[in-house]
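> Structure in structure tokens, see below.
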Amino acid sequence: MVSPELKRIVLGQLELEAWELDDASNAGTVPGWDSLSHARIIAAVEDAYKVRFGTREIMKLTDLGQLQALVDRKTA
Amino acid sequence: MLFVDGGFLPFLAVVVLAVRLTPVAWRWATLLAASLVFYATFGAPALLAVLMAEAGVAWAAGRAMARAPEDEARARPLRRAIVALLAVLVLVRLATYGVAPWGARVGLGAALGVSYFTLQAIAYVVDVYMERVPPAGLGRLASALAFFPKLVQGPIERGPSLLEQLRAPATPGHAALRSAGLLFLVGLFKKAVVADRLAALVDPVYANPAGYGGWVPLLATYAFAFQLYFDFSGYTDMARATARALGLELGENFRAPYLAESVSDFWRRWHISFSRWLLDYAFTPLQLAWRRHGRVGTAAALLLTFALSGLWHGTAWTYLAWGLLHGCYLAAEALWRGPARPGPVRPAARLLGVLVTFHLVTFAWVFFRAPTLGAAGALLASLLEPARGLDRLVGPLGPQWLMVTLLASLAPGLVALARRHPAALELARHAPLRWAAVVALLLATALLRQDAGTYLYAQF
């Protein structure tokens, strides 16, 4: 389940005011979420949660649900 | 042996038969044997050794990573394998460029195929490291790297696609064989009729830019943009058709690239397997490493990625300039482009995007095609001069030749457009009409082909 905080960060980085985000959301389903904005989203998530992800951890992510799970693991 | 050589189709027929007679679980072995025979026909035994050595390196790294208990232990074989594979690529390139004198002694006259299977091998070890694919057996991995339809010029198959298909290649039925035959014929038409005819408008101008001026070198440059597209996409069609006849599907490499509305859109449509490789294995790791620098980090990652892309094509300054130009285009897009908005884009804006993108890409092709930076500069300078040299360029070819070439160049696009129309699809249901179209294509290819005997992208 994607938290409202994570949704807010993603929408903020994509400069989208309103877009339905769920566990399956990814670059293919959300406008503006491409390879260029992906790194910005990751950096913003790291700043907001005060965590650091490894390159391998980031490259294995395939959707927003997995990003949420990674954040939960890092902040647990 | 090239796809357009007379011996290729008989060779393919024998391989199709041999694969059919082989039990499904062992078809990878028949395909590996056929691929090695195909590669051996280029008369460079050292390349066979390079291919098998790379397969061995990638296989050993995959096994080591599978056995490693934790991340750091998995990273070590990955790093070693990437360094070894890149070192092999650089050594082969040096040998074939004549920089290393031992190249000729071991029979390395050309690096045919090495750049392609090396990228595929790197993708395999990274994918195993990322746990996107399980480690493969040596035989199946070697068969995937060597698979002859895509050996010389791609597409660069990676990830589970080809490896999984080689576990149990399908037995193609009549429909698959018919579709393969038609795709091969379309590819042959694009290559042997369109691309090789357009070469006659390009080669004289790029060989002597000082002899032409005004819109004549502009015409040659536009012609080169389309020559390269038809040459490479024609080859890819033939490669995909060959694979389909053997029961395997290769990825698409082109999707109407000159209709791209931005340079980043162009790279989603041009040489797709290579640009996906660059995105996944070069750009993304660099961009993520520099993510603290925001858009500037992304722009720097794009510049470096496309400089590497230029160098992959060759060590000449012209290739580096071509790669850097694309890096600059994309970096500018990354720095100044606003967020994408959902909803339709106005047709006029789309048309403007297509025109601007085509001309940016075509400007970069000048450096890609010119033999030296000086020649590229001379050609660009000649565009500003009064028109001259048209008679020398088109005079010997004649108006009939020009008309046929123009129609042949437009034909694939017109057919693609017509196929979107329901009435055309309805017509295509009638078998006699379908056969008439195939016979017309066959005749046109036989009567109008002008083989250059080589492929532009095989040199990379």
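To be explicit about the labels: the chains of the structure tokens are called A, B, and onward in the order shown, and within each one the residues are counted from 1, while ligands get numbers from 1 in the order they are shown.
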Taking only C-alpha atoms into account, what are the residues of chain A at most 9 Å from chain B, put as a ChimeraX atom specification?

/A:14-16,30-33,35-40,42-43,55-60

> Convert the current residue selection to file output with C-alpha atoms, as an mmCIF file, in the first residue's frame.


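Result file follows (out38.cif):
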```
data_model
loop_
_atom_site.group_PDB
_atom_site.id
_atom_site.type_symbol
_atom_site.label_atom_id
_atom_site.label_comp_id
_atom_site.auth_asym_id
_atom_site.auth_seq_id
_atom_site.Cartn_x
_atom_site.Cartn_y
_atom_site.Cartn_z
ATOM 1 C CA LEU A 14 6.445 14.970 -11.794
ATOM 2 C CA GLU A 15 4.653 18.308 -11.301
ATOM 3 C CA LEU A 16 1.296 16.522 -11.489
ATOM 4 C CA VAL A 30 2.160 7.825 -15.066
ATOM 5 C CA PRO A 31 2.674 10.804 -17.432
ATOM 6 C CA GLY A 32 6.132 12.360 -17.224
ATOM 7 C CA TRP A 33 7.652 9.462 -15.256
ATOM 8 C CA SER A 35 14.139 7.655 -17.219
ATOM 9 C CA LEU A 36 15.003 11.345 -16.755
ATOM 10 C CA SER A 37 12.553 12.040 -13.918
ATOM 11 C CA HIS A 38 13.132 8.656 -12.244
ATOM 12 C CA ALA A 39 16.459 9.710 -10.683
ATOM 13 C CA ARG A 40 14.868 12.934 -9.377
ATOM 14 C CA ILE A 42 14.588 8.562 -6.076
ATOM 15 C CA ALA A 43 16.727 11.450 -4.784
ATOM 16 C CA THR A 55 22.260 1.310 -7.249
ATOM 17 C CA ARG A 56 21.283 -2.381 -7.399
ATOM 18 C CA GLU A 57 18.318 -1.774 -5.095
ATOM 19 C CA ILE A 58 17.077 1.061 -7.295
ATOM 20 C CA MET A 59 17.614 -0.775 -10.574
ATOM 21 C CA LYS A 60 15.594 -3.752 -9.343
#
```

> List the neighbours of Gln120 of chain B out to 9 Å using only C-alpha atoms; skip same-chain residues closer than 5 positions along the sequence, and give me the result as a list in words.

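After dropping sequence-adjacent residues, the list is Ser115, Val125, Ala144, Leu145, Ile156, Glu157, Arg158, Gly159 and Trp277 of chain B.
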
> Nearest to Leu47 of chain B: which of B:Arg93, B:Arg74, B:Arg369, B:Arg27 is it, counting only C-alpha atoms?

B:Arg93

> Once DSSP has gone over the backbone, tell me which residues of chain A are in helix (DSSP H, G or I), as a PyMOL selection string.

chain A and resi 4-14+35-49+55-59+64-75

> Atoms to include: C-alpha atoms. Write the selected residues as a short mmCIF file (atom, residue, chain, number, x, y, z; two decimals), in the first residue's frame.


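What follows is the written file part11.cif:
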```
data_model
loop_
_atom_site.label_atom_id
_atom_site.label_comp_id
_atom_site.auth_asym_id
_atom_site.auth_seq_id
_atom_site.Cartn_x
_atom_site.Cartn_y
_atom_site.Cartn_z
CA PRO A 4 0.14 9.39 1.03
CA GLU A 5 3.60 10.83 1.77
CA LEU A 6 5.27 8.79 -1.00
CA LYS A 7 2.45 9.67 -3.42
CA ARG A 8 2.93 13.37 -2.60
CA ILE A 9 6.69 13.16 -3.31
CA VAL A 10 6.21 11.38 -6.65
CA LEU A 11 3.47 13.75 -7.84
CA GLY A 12 5.54 16.74 -6.70
CA GLN A 13 8.59 15.62 -8.71
CA LEU A 14 6.44 14.97 -11.79
CA SER A 35 14.14 7.66 -17.22
CA LEU A 36 15.00 11.34 -16.76
CA SER A 37 12.55 12.04 -13.92
CA HIS A 38 13.13 8.66 -12.24
CA ALA A 39 16.46 9.71 -10.68
CA ARG A 40 14.87 12.93 -9.38
CA ILE A 41 12.08 10.92 -7.72
CA ILE A 42 14.59 8.56 -6.08
CA ALA A 43 16.73 11.45 -4.78
CA ALA A 44 13.63 13.23 -3.41
CA VAL A 45 12.46 10.03 -1.65
CA GLU A 46 15.93 9.55 -0.12
CA ASP A 47 15.91 13.15 1.15
CA ALA A 48 12.39 12.95 2.56
CA TYR A 49 12.95 9.67 4.43
CA THR A 55 22.26 1.31 -7.25
CA ARG A 56 21.28 -2.38 -7.40
CA GLU A 57 18.32 -1.77 -5.09
CA ILE A 58 17.08 1.06 -7.29
CA MET A 59 17.61 -0.78 -10.57
CA LEU A 64 5.75 2.13 -6.87
CA GLY A 65 4.75 -0.72 -4.55
CA GLN A 66 8.33 -1.99 -4.60
CA LEU A 67 9.65 1.50 -3.88
CA GLN A 68 7.30 1.70 -0.90
CA ALA A 69 8.53 -1.72 0.32
CA LEU A 70 12.16 -0.55 -0.01
CA VAL A 71 11.41 2.62 1.96
CA ASP A 72 9.64 0.57 4.65
CA ARG A 73 12.65 -1.77 4.91
CA LYS A 74 15.11 1.11 5.19
CA THR A 75 13.10 3.02 7.76
#
```

> Skip Ile122 of chain B itself and residues of its chain fewer than 2 positions away, then list as a ChimeraX atom specification all residues within 12 Å of it, counting only C-alpha atoms.

/B:54-55,57-59,61-62,77-89,115-120,124-129,145,156-159,277-278,280-282

> Work out how far atom CA of Leu384 of chain B is from atom CA of Cys328 of chain B, in Å to one decimal.

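Result for atom CA of Cys328 of chain B versus atom CA of Leu384 of chain B: 24.1 Å, one decimal.
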
> Given the choices B:Val296, B:Ala123, B:Val19, B:Ala321, which gets closest to Phe274 of chain B if the distance is worked out from only C-alpha atoms?

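Smallest distance to Phe274 of chain B is found for B:Ala123.
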
> Could you give me, as a list in words, the residues within 12 Å of Phe11 of chain B, counting only C-alpha atoms and dropping anything in the same chain fewer than 2 positions from it?

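So, after excluding close chain neighbours, the residues are Met1, Leu2, Phe3, Asp5, Gly6, Gly7, Phe8, Leu9, Ala13, Val14, Val15, Val16, Leu17, Ala18, Ala34, Ser35, Val37, Phe38, Thr41, Phe148, Pro149 and Thr242 of chain B.
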
> Find the distance between atom CA of Ala136 of chain B and atom CA of Gly56 of chain B and write it in Å to one decimal.

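Those two atoms sit 11.3 Å apart.
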
> Find the residue from B:Leu31, B:Met65, B:Leu355, B:Val194 that sits nearest to Met403 of chain B; use only C-alpha atoms when measuring.

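Among the listed residues, the smallest separation from Met403 of chain B belongs to B:Val194.
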
> Which is closest to Asp265 of chain B among B:Ser161, B:Thr357, B:Ser143, B:Ser382, if we use only C-alpha atoms?

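Going through B:Ser161, B:Thr357, B:Ser143, B:Ser382 one by one, the smallest distance to Asp265 of chain B is for B:Thr357.
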